[in-house]
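> Before I ask anything, here is the structure I am working with.
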Amino acid sequence: METIAYGDFAKLEIRVGKITEVVRHENADKLYIVQIDVGEKSLQTVTSLVPYYTVEELLGKQVVVLCNLAKAKMRGETSECMLLCAETDDESESVLLTPERAMSAGVRIV
């Protein structure tokens, strides 16, 4: 496993978020387009969680979000952040990381 300096880790803006909207991507079987409240703003991500979560399970869920990831286009939609998950090597399971207790949207993960 490669190691990094604390200064590199400190560059990551990881925050508690709350999922406020989830829609299936029209042109992709496994993708959702998700809006996430991260405190002072809302960010959009495109995520491949369809096999693991229903829309109802995601709505209102508190999640851990990497907020300062470079924007990318996924199937024509902008993804501005990343939901952090624990995922098996064979991708048979993917579980969203969540705070142990309820926290306000935008609280920084340190």
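Just so we're on the same page: first chain in the structure tokens is A, next is B, and so on; residues restart at 1 for each chain, and ligands are numbered from 1 in the order they show up.
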Can you tell me, as a ChimeraX atom specification, what residues are no more than 8 Å from A:Leu69 when counting only C-alpha atoms, ignoring any on the same chain fewer than 4 positions away?
/A:80-82
> Name all residues at most 10 Å from A:Leu66 (count only C-alpha atoms; drop same-chain ones fewer than 5 positions away) and give them as a list in words.
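The neighbour list is Leu12, Glu13, Ile14, Arg15, Val16, Gly17, Val38, Glu80, Cys81, Met82, Leu83, Leu84 and Ile109 of chain A.
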> Those same residues, written as a CSV table (one decimal), in the first residue's frame with C-alpha atoms?

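out-v7.csv written:
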```
chain,number,residue,atom,x,y,z
A,12,LEU,CA,-9.3,16.4,0.6
A,13,GLU,CA,-12.5,18.2,1.5
A,14,ILE,CA,-14.7,15.3,2.9
A,15,ARG,CA,-18.0,16.4,4.5
A,16,VAL,CA,-21.2,15.0,5.8
A,17,GLY,CA,-23.9,15.3,3.2
A,38,VAL,CA,-23.2,19.6,1.8
A,80,GLU,CA,-19.1,17.3,-9.0
A,81,CYS,CA,-18.3,15.1,-6.0
A,82,MET,CA,-18.0,11.4,-4.9
A,83,LEU,CA,-20.1,9.5,-2.5
A,84,LEU,CA,-17.7,7.3,-0.4
A,109,ILE,CA,-14.7,14.8,8.1
```
> With only C-alpha atoms as the counted atoms, please give the residues lying no more than 6 Å from A:Val50, apart from itself and same-chain residues fewer than 3 positions off, as a PyMOL selection string.
chain A and resi 30-31+53
> Store the residues of this selection in a file with all heavy atoms, as a PDB file, in the first residue's frame.

```
ATOM      1  N   LYS A  30     -27.348   1.482 -14.643  1.00  0.00           N
ATOM      2  CA  LYS A  30     -26.857   1.384 -13.264  1.00  0.00           C
ATOM      3  C   LYS A  30     -26.599   2.728 -12.599  1.00  0.00           C
ATOM      4  O   LYS A  30     -26.069   2.771 -11.500  1.00  0.00           O
ATOM      5  CB  LYS A  30     -25.568   0.563 -13.242  1.00  0.00           C
ATOM      6  CG  LYS A  30     -25.777  -0.880 -13.636  1.00  0.00           C
ATOM      7  CD  LYS A  30     -24.499  -1.660 -13.520  1.00  0.00           C
ATOM      8  CE  LYS A  30     -24.728  -3.110 -13.903  1.00  0.00           C
ATOM      9  NZ  LYS A  30     -23.510  -3.911 -13.775  1.00  0.00           N
ATOM     10  N   LEU A  31     -26.972   3.840 -13.252  1.00  0.00           N
ATOM     11  CA  LEU A  31     -26.611   5.154 -12.718  1.00  0.00           C
ATOM     12  C   LEU A  31     -27.801   5.930 -12.155  1.00  0.00           C
ATOM     13  O   LEU A  31     -28.895   5.933 -12.729  1.00  0.00           O
ATOM     14  CB  LEU A  31     -25.943   6.001 -13.799  1.00  0.00           C
ATOM     15  CG  LEU A  31     -24.626   5.499 -14.374  1.00  0.00           C
ATOM     16  CD1 LEU A  31     -24.126   6.467 -15.436  1.00  0.00           C
ATOM     17  CD2 LEU A  31     -23.578   5.308 -13.285  1.00  0.00           C
ATOM     18  N   TYR A  53     -28.990   0.136  -4.059  1.00  0.00           N
ATOM     19  CA  TYR A  53     -29.942   0.951  -3.308  1.00  0.00           C
ATOM     20  C   TYR A  53     -31.117   1.355  -4.190  1.00  0.00           C
ATOM     21  O   TYR A  53     -30.939   1.662  -5.370  1.00  0.00           O
ATOM     22  CB  TYR A  53     -29.285   2.251  -2.800  1.00  0.00           C
ATOM     23  CG  TYR A  53     -28.263   2.046  -1.719  1.00  0.00           C
ATOM     24  CD1 TYR A  53     -26.917   1.872  -2.036  1.00  0.00           C
ATOM     25  CD2 TYR A  53     -28.624   2.053  -0.377  1.00  0.00           C
ATOM     26  CE1 TYR A  53     -25.963   1.698  -1.039  1.00  0.00           C
ATOM     27  CE2 TYR A  53     -27.678   1.877   0.628  1.00  0.00           C
ATOM     28  CZ  TYR A  53     -26.350   1.701   0.286  1.00  0.00           C
ATOM     29  OH  TYR A  53     -25.414   1.536   1.274  1.00  0.00           O
TER      30      TYR A  53
END
```
> Would you please work out which residue, of A:Ala86, A:Ile4, A:Val65, A:Val95, is nearest to A:Pro51 when using only C-alpha atoms?
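Nearest to A:Pro51: A:Val95.
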> Identify which of the residues A:Thr98, A:Thr78, A:Ser104, A:Thr54 lies closest to A:Glu40, counting only C-alpha atoms when measuring atom-to-atom distances.
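Of all the options, A:Ser104 lies closest to A:Glu40.
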